[in-house]
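Listing of model_0.txt; format and content: compact mmCIF, C-alpha atoms and all ligand atoms.
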```txt
# COMPACT_ATOMS: atom_id res chain seq x y z
CA MET K 1 9.42 56.74 35.10
CA ARG K 2 7.55 59.87 36.09
CA THR K 3 3.82 60.35 35.63
CA ASP K 4 1.16 62.54 37.21
CA VAL K 5 -1.65 60.02 37.56
CA VAL K 6 -1.13 56.27 37.68
CA VAL K 7 -4.25 54.13 37.37
CA ILE K 8 -4.02 50.50 38.44
CA GLY K 9 -6.35 48.50 36.18
CA GLY K 10 -7.40 49.21 32.61
CA GLY K 11 -10.95 47.80 32.87
CA ILE K 12 -14.03 49.96 32.40
CA MET K 13 -13.32 52.08 35.50
CA GLY K 14 -9.65 52.72 34.79
CA SER K 15 -10.35 53.39 31.12
CA ALA K 16 -13.30 55.70 31.81
CA LEU K 17 -11.06 57.64 34.18
CA ALA K 18 -8.18 57.80 31.68
CA TYR K 19 -10.62 59.01 29.04
CA TRP K 20 -12.05 61.78 31.21
CA LEU K 21 -8.71 62.91 32.67
CA THR K 22 -7.25 63.39 29.19
CA ALA K 23 -10.49 64.91 27.84
CA LEU K 24 -10.79 67.45 30.67
CA ASP K 25 -7.08 68.26 30.84
CA PRO K 26 -5.20 67.51 27.62
CA SER K 27 -1.92 68.20 29.46
CA ALA K 28 -2.56 65.48 32.08
CA VAL K 29 0.09 62.76 32.14
CA VAL K 30 -1.85 59.55 32.69
CA THR K 31 -0.51 56.00 32.83
CA VAL K 32 -2.82 53.01 33.09
CA ILE K 33 -1.16 49.83 34.30
CA GLU K 34 -2.91 46.68 33.16
CA ARG K 35 -1.50 43.22 33.72
CA ASP K 36 -3.67 41.50 31.10
CA PRO K 37 -4.56 43.52 27.99
CA SER K 38 -6.73 40.60 26.80
CA TYR K 39 -8.98 41.21 29.85
CA ALA K 40 -9.56 37.44 30.12
CA ARG K 41 -10.64 37.60 33.79
CA ALA K 42 -11.69 41.24 34.05
CA SER K 43 -15.28 41.92 35.16
CA SER K 44 -15.75 44.37 32.35
CA ALA K 45 -15.25 41.66 29.72
CA LEU K 46 -17.51 39.12 31.48
CA SER K 47 -20.35 41.44 32.37
CA ALA K 48 -24.04 41.33 31.45
CA ALA K 49 -23.62 45.05 30.67
CA SER K 50 -27.11 46.24 31.48
CA ILE K 51 -28.27 49.60 32.80
CA ARG K 52 -31.22 50.54 34.96
CA GLN K 53 -32.65 53.59 36.67
CA GLN K 54 -34.38 51.50 39.33
CA PHE K 55 -32.14 52.00 42.34
CA SER K 56 -33.45 53.04 45.73
CA THR K 57 -30.86 55.70 46.57
CA PRO K 58 -30.82 59.11 44.83
CA VAL K 59 -27.08 59.01 44.14
CA ASN K 60 -27.30 55.75 42.20
CA ILE K 61 -30.35 56.97 40.26
CA ARG K 62 -28.61 60.22 39.34
CA VAL K 63 -25.50 58.34 38.20
CA SER K 64 -27.66 56.10 35.98
CA SER K 65 -29.58 59.02 34.56
CA GLU K 66 -26.35 60.71 33.43
CA SER K 67 -24.83 57.41 32.35
CA ILE K 68 -27.66 56.59 29.96
CA ALA K 69 -27.25 60.04 28.41
CA PHE K 70 -23.58 59.22 27.81
CA LEU K 71 -24.32 55.73 26.45
CA ARG K 72 -26.93 57.07 24.02
CA ASN K 73 -24.24 59.27 22.50
CA ALA K 74 -21.19 57.07 23.10
CA GLY K 75 -20.45 56.99 19.38
CA ASP K 76 -20.05 60.77 19.36
CA TRP K 77 -18.11 61.01 22.62
CA LEU K 78 -15.71 58.21 21.74
CA SER K 79 -15.10 58.62 18.00
CA VAL K 80 -11.47 58.56 16.98
CA GLY K 81 -11.11 60.18 13.57
CA ALA K 82 -13.71 58.64 11.27
CA ASP K 83 -14.04 55.58 13.47
CA ARG K 84 -17.28 55.78 15.44
CA PRO K 85 -17.80 52.97 17.94
CA ASP K 86 -21.16 51.23 18.21
CA ILE K 87 -22.03 49.95 21.68
CA ALA K 88 -25.34 48.44 20.49
CA LEU K 89 -27.46 50.04 23.20
CA THR K 90 -30.91 48.41 23.39
CA GLU K 91 -33.40 50.30 25.56
CA ARG K 92 -36.02 47.85 26.76
CA GLY K 93 -36.63 48.32 30.51
CA TYR K 94 -36.12 46.28 33.66
CA LEU K 95 -39.13 44.59 35.21
CA TYR K 96 -38.87 43.85 38.93
CA LEU K 97 -41.45 41.42 40.31
CA THR K 98 -42.29 41.16 43.98
CA GLY K 99 -44.70 39.32 46.27
CA GLU K 100 -46.83 40.81 49.07
CA GLY K 101 -43.85 41.04 51.41
CA GLY K 102 -41.92 43.28 49.01
CA VAL K 103 -44.68 45.71 48.09
CA ALA K 104 -43.88 48.37 50.69
CA SER K 105 -40.22 48.54 49.75
CA MET K 106 -41.03 48.54 46.01
CA ARG K 107 -43.39 51.46 46.56
CA ALA K 108 -40.81 53.28 48.68
CA ALA K 109 -38.13 52.82 46.01
CA ASN K 110 -40.62 53.96 43.37
CA ALA K 111 -41.27 57.19 45.31
CA VAL K 112 -37.52 57.92 45.44
CA GLN K 113 -37.14 57.05 41.74
CA LEU K 114 -39.98 59.35 40.65
CA ALA K 115 -38.74 62.16 42.90
CA THR K 116 -35.27 61.79 41.34
CA GLY K 117 -36.61 61.99 37.79
CA ALA K 118 -36.66 58.31 36.77
CA GLU K 119 -39.51 57.06 34.59
CA VAL K 120 -40.88 53.94 36.26
CA SER K 121 -44.41 52.47 36.36
CA LEU K 122 -45.88 50.17 38.99
CA LEU K 123 -48.07 47.42 37.52
CA ASP K 124 -50.52 45.16 39.34
CA PRO K 125 -50.85 41.53 38.22
CA ALA K 126 -53.64 42.29 35.72
CA ALA K 127 -51.61 45.09 34.16
CA LEU K 128 -48.56 42.83 34.07
CA LEU K 129 -50.48 40.16 32.20
CA GLY K 130 -51.89 42.72 29.80
CA ARG K 131 -48.41 43.87 28.92
CA PHE K 132 -46.52 40.57 29.17
CA PRO K 133 -49.05 37.82 28.40
CA TRP K 134 -46.32 35.16 28.54
CA LEU K 135 -45.77 35.72 32.31
CA ASP K 136 -47.16 33.54 35.08
CA VAL K 137 -48.02 36.00 37.85
CA ALA K 138 -48.59 33.42 40.59
CA GLY K 139 -47.30 34.85 43.86
CA ILE K 140 -46.70 38.29 42.32
CA ALA K 141 -48.32 41.29 43.97
CA LEU K 142 -46.63 44.12 42.10
CA GLY K 143 -44.21 44.79 39.25
CA SER K 144 -42.01 47.80 38.62
CA LEU K 145 -41.16 48.58 35.02
CA GLY K 146 -38.65 51.18 33.87
CA THR K 147 -40.08 53.01 30.88
CA SER K 148 -37.01 54.99 29.88
CA GLY K 149 -33.24 54.78 30.27
CA GLU K 150 -32.95 51.06 30.93
CA GLY K 151 -31.60 48.23 28.80
CA TRP K 152 -28.31 46.68 27.79
CA PHE K 153 -25.30 47.27 25.60
CA ASP K 154 -22.03 45.76 24.41
CA GLY K 155 -19.82 46.29 27.46
CA TYR K 156 -16.65 45.12 25.77
CA ALA K 157 -17.23 47.56 22.91
CA LEU K 158 -17.61 50.36 25.47
CA LEU K 159 -14.42 49.29 27.25
CA THR K 160 -12.33 49.18 24.08
CA ALA K 161 -13.81 52.46 22.83
CA LEU K 162 -12.98 54.25 26.10
CA ALA K 163 -9.44 52.85 26.13
CA ARG K 164 -8.83 53.72 22.50
CA LYS K 165 -10.15 57.25 22.92
CA ALA K 166 -8.06 57.71 26.08
CA ARG K 167 -4.95 56.64 24.17
CA SER K 168 -5.79 58.96 21.29
CA GLN K 169 -5.93 61.80 23.85
CA GLY K 170 -2.50 60.94 25.23
CA ALA K 171 -3.01 58.31 27.95
CA THR K 172 -0.38 55.56 28.09
CA TYR K 173 -1.34 51.94 28.74
CA LEU K 174 1.51 49.98 30.26
CA ARG K 175 1.44 46.22 30.52
CA GLY K 176 2.53 45.17 33.99
CA GLU K 177 1.42 43.82 37.33
CA VAL K 178 1.58 46.09 40.36
CA THR K 179 3.19 44.17 43.21
CA GLY K 180 4.28 46.91 45.59
CA ILE K 181 3.20 50.35 46.80
CA ASP K 182 5.65 52.40 48.88
CA VAL K 183 4.06 54.79 51.34
CA GLU K 184 6.00 57.51 53.17
CA SER K 185 4.65 60.37 55.29
CA HIS K 186 1.02 59.71 54.32
CA ARG K 187 1.74 59.67 50.59
CA VAL K 188 2.21 56.99 48.00
CA ARG K 189 5.73 57.58 46.65
CA HIS K 190 6.46 54.70 44.30
CA LEU K 191 4.93 51.65 42.71
CA SER K 192 6.75 48.50 41.80
CA LEU K 193 5.79 46.13 39.04
CA ALA K 194 6.46 42.40 38.86
CA ASP K 195 9.15 42.93 36.20
CA GLY K 196 11.11 45.22 38.56
CA THR K 197 9.99 48.55 37.04
CA ARG K 198 9.60 51.35 39.60
CA LEU K 199 7.28 54.28 38.98
CA ASP K 200 6.88 57.59 40.76
CA CYS K 201 3.40 59.00 40.85
CA GLY K 202 1.62 62.19 41.81
CA VAL K 203 -1.75 60.52 42.30
CA LEU K 204 -2.41 56.79 42.43
CA VAL K 205 -5.84 55.34 41.57
CA ASN K 206 -7.14 51.93 42.53
CA ALA K 207 -9.26 50.71 39.59
CA ALA K 208 -8.39 47.05 40.08
CA GLY K 209 -12.00 45.78 40.11
CA PRO K 210 -12.34 42.44 41.96
CA TRP K 211 -8.69 42.69 43.02
CA ALA K 212 -9.05 46.16 44.55
CA GLY K 213 -8.82 44.77 48.09
CA ARG K 214 -5.43 43.25 47.29
CA ILE K 215 -4.17 46.53 45.81
CA ALA K 216 -5.34 48.48 48.86
CA ALA K 217 -3.58 45.97 51.12
CA LEU K 218 -0.27 46.74 49.35
CA ALA K 219 -0.58 50.23 50.84
CA GLY K 220 -1.67 48.91 54.24
CA ILE K 221 -5.34 49.74 53.73
CA GLU K 222 -8.20 47.36 54.39
CA LEU K 223 -10.81 47.58 51.62
CA PRO K 224 -13.85 45.26 51.84
CA VAL K 225 -13.89 44.22 48.18
CA GLU K 226 -13.76 40.58 47.11
CA ALA K 227 -13.90 38.66 43.82
CA ARG K 228 -17.26 36.87 43.98
CA ARG K 229 -18.04 34.44 41.18
CA ARG K 230 -21.26 34.79 39.20
CA THR K 231 -22.31 32.33 36.49
CA VAL K 232 -24.22 33.61 33.46
CA PHE K 233 -26.24 31.08 31.45
CA VAL K 234 -26.93 31.50 27.73
CA ILE K 235 -30.39 30.07 27.17
CA GLY K 236 -32.13 29.17 23.93
CA CYS K 237 -35.92 29.54 23.78
CA LYS K 238 -37.76 29.49 20.45
CA ALA K 239 -41.13 30.84 21.66
CA GLU K 240 -42.14 34.38 20.70
CA LEU K 241 -42.07 36.46 23.90
CA PRO K 242 -42.79 40.00 22.75
CA GLY K 243 -41.31 42.95 24.63
CA PHE K 244 -39.19 40.76 26.90
CA PRO K 245 -37.44 43.15 29.33
CA LEU K 246 -34.65 42.47 31.80
CA LEU K 247 -36.77 40.53 34.24
CA ILE K 248 -35.82 40.30 37.91
CA ASP K 249 -37.91 37.71 39.64
CA ARG K 250 -38.80 37.68 43.32
CA SER K 251 -37.18 34.23 43.54
CA GLY K 252 -33.77 35.77 42.84
CA PHE K 253 -32.99 35.19 39.17
CA TRP K 254 -32.63 37.71 36.36
CA ILE K 255 -32.96 37.08 32.62
CA ARG K 256 -32.89 39.21 29.49
CA PRO K 257 -32.74 38.76 25.71
CA GLU K 258 -29.27 38.55 24.13
CA GLY K 259 -29.35 38.38 20.35
CA ARG K 260 -31.50 35.36 19.44
CA ASN K 261 -30.99 33.83 22.89
CA TYR K 262 -31.41 34.94 26.49
CA ILE K 263 -28.90 35.32 29.30
CA GLY K 264 -29.71 34.86 32.95
CA ALA K 265 -28.25 34.17 36.37
CA LEU K 266 -29.09 33.56 39.99
CA ALA K 267 -28.25 35.84 42.87
CA PRO K 268 -26.90 33.58 45.59
CA PRO K 269 -28.06 34.18 49.16
CA ALA K 270 -25.25 35.99 51.00
CA GLU K 271 -24.67 33.08 53.37
CA ALA K 272 -24.21 30.64 50.46
CA ASP K 273 -21.86 32.85 48.48
CA ASP K 274 -18.42 31.74 47.32
CA PRO K 275 -15.25 32.83 49.07
CA ASP K 276 -12.90 35.38 47.50
CA GLU K 277 -11.64 34.51 43.99
CA PRO K 278 -12.66 30.90 43.38
CA PRO K 279 -11.66 29.45 39.97
CA LEU K 280 -13.62 31.05 37.13
CA GLU K 281 -15.48 27.85 36.27
CA PRO K 282 -19.20 28.25 35.56
CA GLU K 283 -21.39 26.55 38.18
CA LEU K 284 -23.30 24.46 35.65
CA ASP K 285 -25.32 22.51 38.20
CA GLN K 286 -27.23 25.74 39.04
CA TRP K 287 -29.03 25.46 35.70
CA GLU K 288 -30.98 22.26 36.25
CA SER K 289 -31.35 22.41 39.98
CA GLN K 290 -32.33 26.06 40.41
CA LEU K 291 -32.49 28.42 37.45
CA TRP K 292 -34.45 26.36 34.94
CA PRO K 293 -37.28 25.40 37.34
CA ALA K 294 -37.61 28.97 38.63
CA LEU K 295 -37.57 30.34 35.10
CA ALA K 296 -40.15 27.87 33.79
CA ALA K 297 -42.41 28.67 36.73
CA ARG K 298 -42.37 32.38 35.91
CA VAL K 299 -42.32 32.12 32.09
CA PRO K 300 -43.84 28.74 31.14
CA ALA K 301 -42.41 28.96 27.59
CA PHE K 302 -39.00 28.27 29.18
CA GLU K 303 -40.06 24.71 30.00
CA ALA K 304 -38.77 23.99 26.50
CA ALA K 305 -35.60 26.08 26.97
CA LYS K 306 -32.15 24.74 26.19
CA LEU K 307 -28.91 25.60 27.89
CA GLU K 308 -26.54 26.74 25.14
CA ARG K 309 -23.46 27.58 27.22
CA ALA K 310 -22.36 29.46 30.33
CA TRP K 311 -19.55 31.65 31.58
CA ALA K 312 -18.41 32.93 34.95
CA GLY K 313 -17.04 36.31 35.95
CA TYR K 314 -16.24 38.10 39.17
CA TYR K 315 -18.37 40.78 40.76
CA GLU K 316 -16.10 43.27 42.55
CA TYR K 317 -18.19 42.66 45.63
CA ASN K 318 -18.22 45.27 48.38
CA THR K 319 -18.97 43.22 51.49
CA PHE K 320 -19.77 46.38 53.50
CA ASP K 321 -22.75 47.72 51.55
CA GLN K 322 -22.55 46.59 47.88
CA ASN K 323 -22.11 50.11 46.46
CA GLY K 324 -19.29 52.01 44.84
CA ILE K 325 -16.48 53.20 47.14
CA LEU K 326 -15.03 56.46 45.89
CA GLY K 327 -12.49 59.12 46.60
CA LEU K 328 -9.33 59.83 48.53
CA HIS K 329 -8.50 57.59 51.42
CA PRO K 330 -8.29 59.80 54.55
CA SER K 331 -5.02 58.27 55.71
CA LEU K 332 -3.18 58.88 52.42
CA ASP K 333 -3.03 62.20 50.59
CA ASN K 334 -2.76 60.85 47.04
CA PHE K 335 -4.45 57.43 46.85
CA VAL K 336 -7.89 57.51 45.17
CA PHE K 337 -10.41 54.66 45.06
CA MET K 338 -13.07 53.72 42.49
CA ASN K 339 -14.09 50.24 43.59
CA GLY K 340 -16.74 47.90 44.95
CA PHE K 341 -19.64 48.44 42.51
CA SER K 342 -20.96 44.91 43.15
CA GLY K 343 -22.73 44.20 39.88
CA HIS K 344 -23.62 47.73 38.80
CA GLY K 345 -20.25 49.12 37.78
CA ILE K 346 -20.23 48.95 34.01
CA GLN K 347 -23.34 51.10 33.77
CA GLN K 348 -21.91 53.64 36.22
CA ALA K 349 -18.41 53.85 34.73
CA PRO K 350 -18.91 56.82 32.35
CA VAL K 351 -20.15 59.01 35.20
CA ILE K 352 -17.88 57.67 37.94
CA GLY K 353 -14.88 58.15 35.62
CA ARG K 354 -15.89 61.77 35.03
CA GLY K 355 -16.40 62.40 38.75
CA ILE K 356 -13.06 60.92 39.79
CA ALA K 357 -11.31 62.88 37.01
CA GLU K 358 -12.89 66.08 38.35
CA LEU K 359 -11.86 65.18 41.87
CA ILE K 360 -8.25 64.60 40.83
CA LEU K 361 -8.04 67.69 38.62
CA THR K 362 -9.96 70.19 40.76
CA GLY K 363 -10.32 68.67 44.22
CA ARG K 364 -14.11 68.31 44.02
CA TYR K 365 -16.97 66.78 42.07
CA ALA K 366 -18.08 69.45 39.59
CA THR K 367 -20.96 67.98 37.57
CA LEU K 368 -22.57 65.45 39.93
CA ASP K 369 -22.08 65.20 43.67
CA LEU K 370 -20.81 61.68 44.39
CA ASN K 371 -20.04 62.26 48.06
CA ASP K 372 -22.72 59.76 49.16
CA LEU K 373 -20.43 57.07 47.69
CA GLY K 374 -17.40 58.39 49.58
CA ILE K 375 -14.95 56.00 51.20
CA GLY K 376 -15.42 57.85 54.50
CA ARG K 377 -18.66 55.93 55.13
CA LEU K 378 -16.63 52.75 55.62
CA ILE K 379 -14.51 54.38 58.25
CA ASP K 380 -17.53 55.93 59.98
CA GLY K 381 -19.47 52.62 59.77
CA ARG K 382 -22.37 54.25 57.84
CA PRO K 383 -23.50 51.84 55.10
CA LEU K 384 -25.39 53.27 52.12
CA ARG K 385 -28.62 51.26 52.10
CA GLU K 386 -29.41 50.39 48.48
CA GLU K 387 -32.40 48.03 48.29
CA ASN K 388 -32.00 47.22 44.59
CA VAL K 389 -28.68 45.41 44.50
CA ILE K 390 -28.70 42.48 42.09
CA GLY K 391 -26.62 40.02 44.09
C1 LIG K 401 -21.44 38.16 35.45
C2 LIG K 401 -21.44 39.65 35.65
C3 LIG K 401 -22.54 40.41 35.29
C4 LIG K 401 -22.53 41.77 35.49
N1 LIG K 401 -23.60 42.52 35.06
C5 LIG K 401 -23.58 43.85 35.16
C6 LIG K 401 -24.63 44.64 34.64
O1 LIG K 401 -25.58 44.12 34.07
N2 LIG K 401 -24.55 45.98 34.78
C7 LIG K 401 -23.51 46.59 35.42
O2 LIG K 401 -23.51 47.80 35.53
N3 LIG K 401 -22.47 45.87 35.90
C8 LIG K 401 -22.49 44.52 35.80
N4 LIG K 401 -21.46 43.78 36.28
C9 LIG K 401 -20.42 44.46 37.03
C10 LIG K 401 -19.46 45.19 36.13
O3 LIG K 401 -19.07 44.35 35.07
C11 LIG K 401 -18.27 45.65 36.98
O4 LIG K 401 -18.80 46.49 37.99
C12 LIG K 401 -17.25 46.45 36.19
O5 LIG K 401 -16.92 45.79 35.00
C13 LIG K 401 -16.01 46.67 37.06
O6 LIG K 401 -15.04 47.29 36.27
P1 LIG K 401 -13.57 47.49 36.83
O7 LIG K 401 -12.85 48.26 35.80
O8 LIG K 401 -13.64 48.04 38.21
O9 LIG K 401 -12.99 46.00 36.99
P2 LIG K 401 -12.30 45.04 35.90
O10 LIG K 401 -13.01 45.10 34.61
O11 LIG K 401 -12.14 43.71 36.53
O12 LIG K 401 -10.88 45.70 35.69
C14 LIG K 401 -9.89 45.64 36.68
C15 LIG K 401 -8.57 45.43 35.97
O13 LIG K 401 -7.52 45.54 36.93
C16 LIG K 401 -6.49 44.69 36.50
N5 LIG K 401 -5.62 44.43 37.64
C17 LIG K 401 -5.97 43.86 38.82
N6 LIG K 401 -4.92 43.78 39.64
C18 LIG K 401 -3.87 44.31 38.97
C19 LIG K 401 -2.48 44.49 39.30
N7 LIG K 401 -1.98 44.10 40.46
N8 LIG K 401 -1.68 45.07 38.38
C20 LIG K 401 -2.18 45.47 37.17
N9 LIG K 401 -3.47 45.30 36.81
C21 LIG K 401 -4.30 44.72 37.70
C22 LIG K 401 -7.22 43.46 36.02
O14 LIG K 401 -6.41 42.68 35.14
C23 LIG K 401 -8.44 44.04 35.34
O15 LIG K 401 -8.29 44.16 33.95
C24 LIG K 401 -21.42 42.41 36.07
C25 LIG K 401 -20.29 41.65 36.43
C26 LIG K 401 -20.29 40.29 36.21
C27 LIG K 401 -19.08 39.50 36.54
```

The structure given in the file should be rewritten as structure tokens.
Amino acid sequence: MRTDVVVIGGGIMGSALAYWLTALDPSAVVTVIERDPSYARASSALSAASIRQQFSTPVNIRVSSESIAFLRNAGDWLSVGADRPDIALTERGYLYLTGEGGVASMRAANAVQLATGAEVSLLDPAALLGRFPWLDVAGIALGSLGTSGEGWFDGYALLTALARKARSQGATYLRGEVTGIDVESHRVRHLSLADGTRLDCGVLVNAAGPWAGRIAALAGIELPVEARRRTVFVIGCKAELPGFPLLIDRSGFWIRPEGRNYIGALAPPAEADDPDEPPLEPELDQWESQLWPALAARVPAFEAAKLERAWAGYYEYNTFDQNGILGLHPSLDNFVFMNGFSGHGIQQAPVIGRGIAELILTGRYATLDLNDLGIGRLIDGRPLREENVIG
């Protein structure tokens, strides 16, 4: 088979790229190889699918600002004929809470956010209580609330809408598992699939999410991306808690409304994190021993909360600096990466997909400069310091 661009992985990243490549160049020949079209273990199908502007680095804030603009109009961008997808975007804001020790870095991040155009307010404990009377502000010195462009959406609906639109524009989705990458004279020449199929490719893209490190290794490249398990708890709480945002507590949990329930999770300390790709079993014991007590301390109404169910998914965890890793690998002329988003990939996908499509089609980022996320920083040993990673 012959194709111009082969994308390994048909999750949100691969599908956003296929969508943009075929939108920007209707003559592009794009093949997406996906081993599991049911996406049973893909991050994109197991995500909390929330979006925030509150990063601490300008590049991440700019990506989010353009992403929310896309999400607000996703129905228009991704309509196929009369079928207009609904990604159920709810704009409600993230609320970060910190103690005395975190005030300086919250203020520093706020200065970068405001300078980059994000709408974020800092609230002292009295202001927090005025706005969210159901909070217990013990130990809280400052809160940071996004007042525009933050919230959550149906990530699976976005994934299927991108893939369907990409197909309608000519992209081909091929079921198969990539098991080999042949490299010759600094170029990827062929791919092999588990069923014995061999494909030529002009450009190869690694969009394999949590398995991106394994794909890179097939071409002899070390990529610091691992599949780190995260358990999401679905929590019932009958109390009225008006205006509940996506709350990120200083103790390390996050929680947000989801339909009539809430969903929440803990960010494990780095030293206690799982190894690469453990079984996707939810870690149920976290609920009683850690999450519930921390939650009830911050929002006393959750003392009467009930665990409804839980699921686990993999973060595509970049062990180097927990940010996206983008672009052409310097040692290979035609192998492009879009990996390592570490818990903030689904919100970035519409803009990262556009940027990587521009890079492939024109050799540079045209609409938004994504060079700060370039793969070169790994080789130079220059981590991108993003304070607001949700572990
Ligand atoms: C619990 C949880 C909560 C999250 N919450 C948020 C959030 O609130 N906001 C946010 O922005 N992000 C969040 N994320 C992160 C976000 O979901 C991911 O960043 C994003 O979905 C990554 O997309 P992807 O396309 O790179 O990976 P995936 O969706 O995993 O897609 C990769 C695809 O590659 C395929 N593949 C792998 N290897 C091969 C192979 N050898 N051959 C063929 N196909 C292959 C896989 O089958 C898979 O379908 C969360 C993630 C999790 C797990």

Worksheet item: Restricting the calculation to all atoms listed in the file, which member of K:Leu370, K:Val6, K:Val29, K:Leu223 is positioned closest to Arg198 (chain K)?
Response: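 With all atoms listed in the file as the atom set, the closest residue is K:Val6.
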
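Of the listed residues K:Leu368, K:Ile87, K:Ile346, K:Leu71, the one whose atoms come nearest to ligand LIG 401 (chain K) is K:Ile346, with distances taken using only C-alpha atoms and all ligand atoms.
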
Worksheet item: Which one of K:Pro282, K:Gly381, K:Gly376, K:Gly313 sits closest to ligand LIG 401 (chain K) if you count all atoms listed in the file?
Response: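 Answer, going by the shortest atom-to-atom distance: K:Gly313.
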
Discussion item. Give me, as a PyMOL selection string, the set of residues whose atoms come within 7 Å of any atom of ligand LIG 401 (chain K), counting all atoms listed in the file.
Written reply: chain K and resi 8-14+33-36+39+41-51+176-179+207-212+215+229-232+312-316+339+341-348

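Distance annotation: of K:Val103, K:Ala171, K:Leu142, K:Ala108, the residue with the minimal separation from Leu122 (chain K) is K:Leu142; atom set is only C-alpha atoms.
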
Discussion item. Would you pick out the contacts of region 244-261 of chain K at 9 Å or less, using all atoms listed in the file, so that residues sharing its chain but fewer than 5 positions from it are not included, and give the list as a count of residues only?
Written reply: 33

Worksheet item: Taking only C-alpha atoms into account, which of K:Val32, K:Val299, K:Val63, K:Leu199 comes nearest Leu17 (chain K)?
Response: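 So, comparing all the options, the nearest one is K:Val32.
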
Worksheet item: Could you work out how far CA of Ser144 (chain K) lies from CA of Ser56 (chain K), giving the answer in Å with one decimal?
Response: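 It comes out at 12.3 Å.
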
Practice prompt. Considering only C-alpha atoms, state which residue in the set K:Ile352, K:Val188, K:Leu373, K:Leu361 is at the smallest distance from Asp333 (chain K).
Written response: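 Comparing K:Ile352, K:Val188, K:Leu373, K:Leu361 against Asp333 (chain K), the winner is K:Val188.
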
Item to complete: Name all residues at most 8 Å from Trp292 (chain K) (count all atoms listed in the file; drop same-chain ones fewer than 5 positions away) and give them as a count of residues only.
Response: 3

Worksheet entry | Separation of CA of Ser15 (chain K) from CA of Leu162 (chain K), in Å and rounded to one decimal | 5.7 Å

Worksheet item: What is the CA of Gly143 (chain K) to CA of Gln53 (chain K) distance in Å?
Response: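 So the two atoms, CA of Gly143 (chain K) and CA of Gln53 (chain K), lie 14.8 Å apart.
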
Item to complete: Give as a ChimeraX atom specification the set of residues within 10 Å of the point (-28.8, 57.7, 44.9), where distances use the file's coordinates and all atoms listed in the file.
Response: /K:53,55-64,112-113,116,370,372-373,384-386

Selection near Pro278 (chain K), 8 Å with all atoms listed in the file, sequence-local residues under 4 positions removed, as a PDB file with C-alpha atoms, in the coordinates of the input:
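The file below, result-v5.pdb, is the result:
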```
ATOM      1  CA  ALA K 227     -13.900  38.660  43.820  1.00  0.00           C
ATOM      2  CA  ARG K 228     -17.260  36.870  43.980  1.00  0.00           C
ATOM      3  CA  ARG K 229     -18.040  34.440  41.180  1.00  0.00           C
ATOM      4  CA  ASP K 274     -18.420  31.740  47.320  1.00  0.00           C
TER       5      ASP K 274
END
```

Worksheet item: Can you tell me, as a PyMOL selection string, what residues are no more than 10 Å from Leu135 (chain K) when counting all atoms listed in the file, ignoring any on the same chain fewer than 2 positions away?
Response: chain K and resi 125+128-133+137-138+241+244+296-301
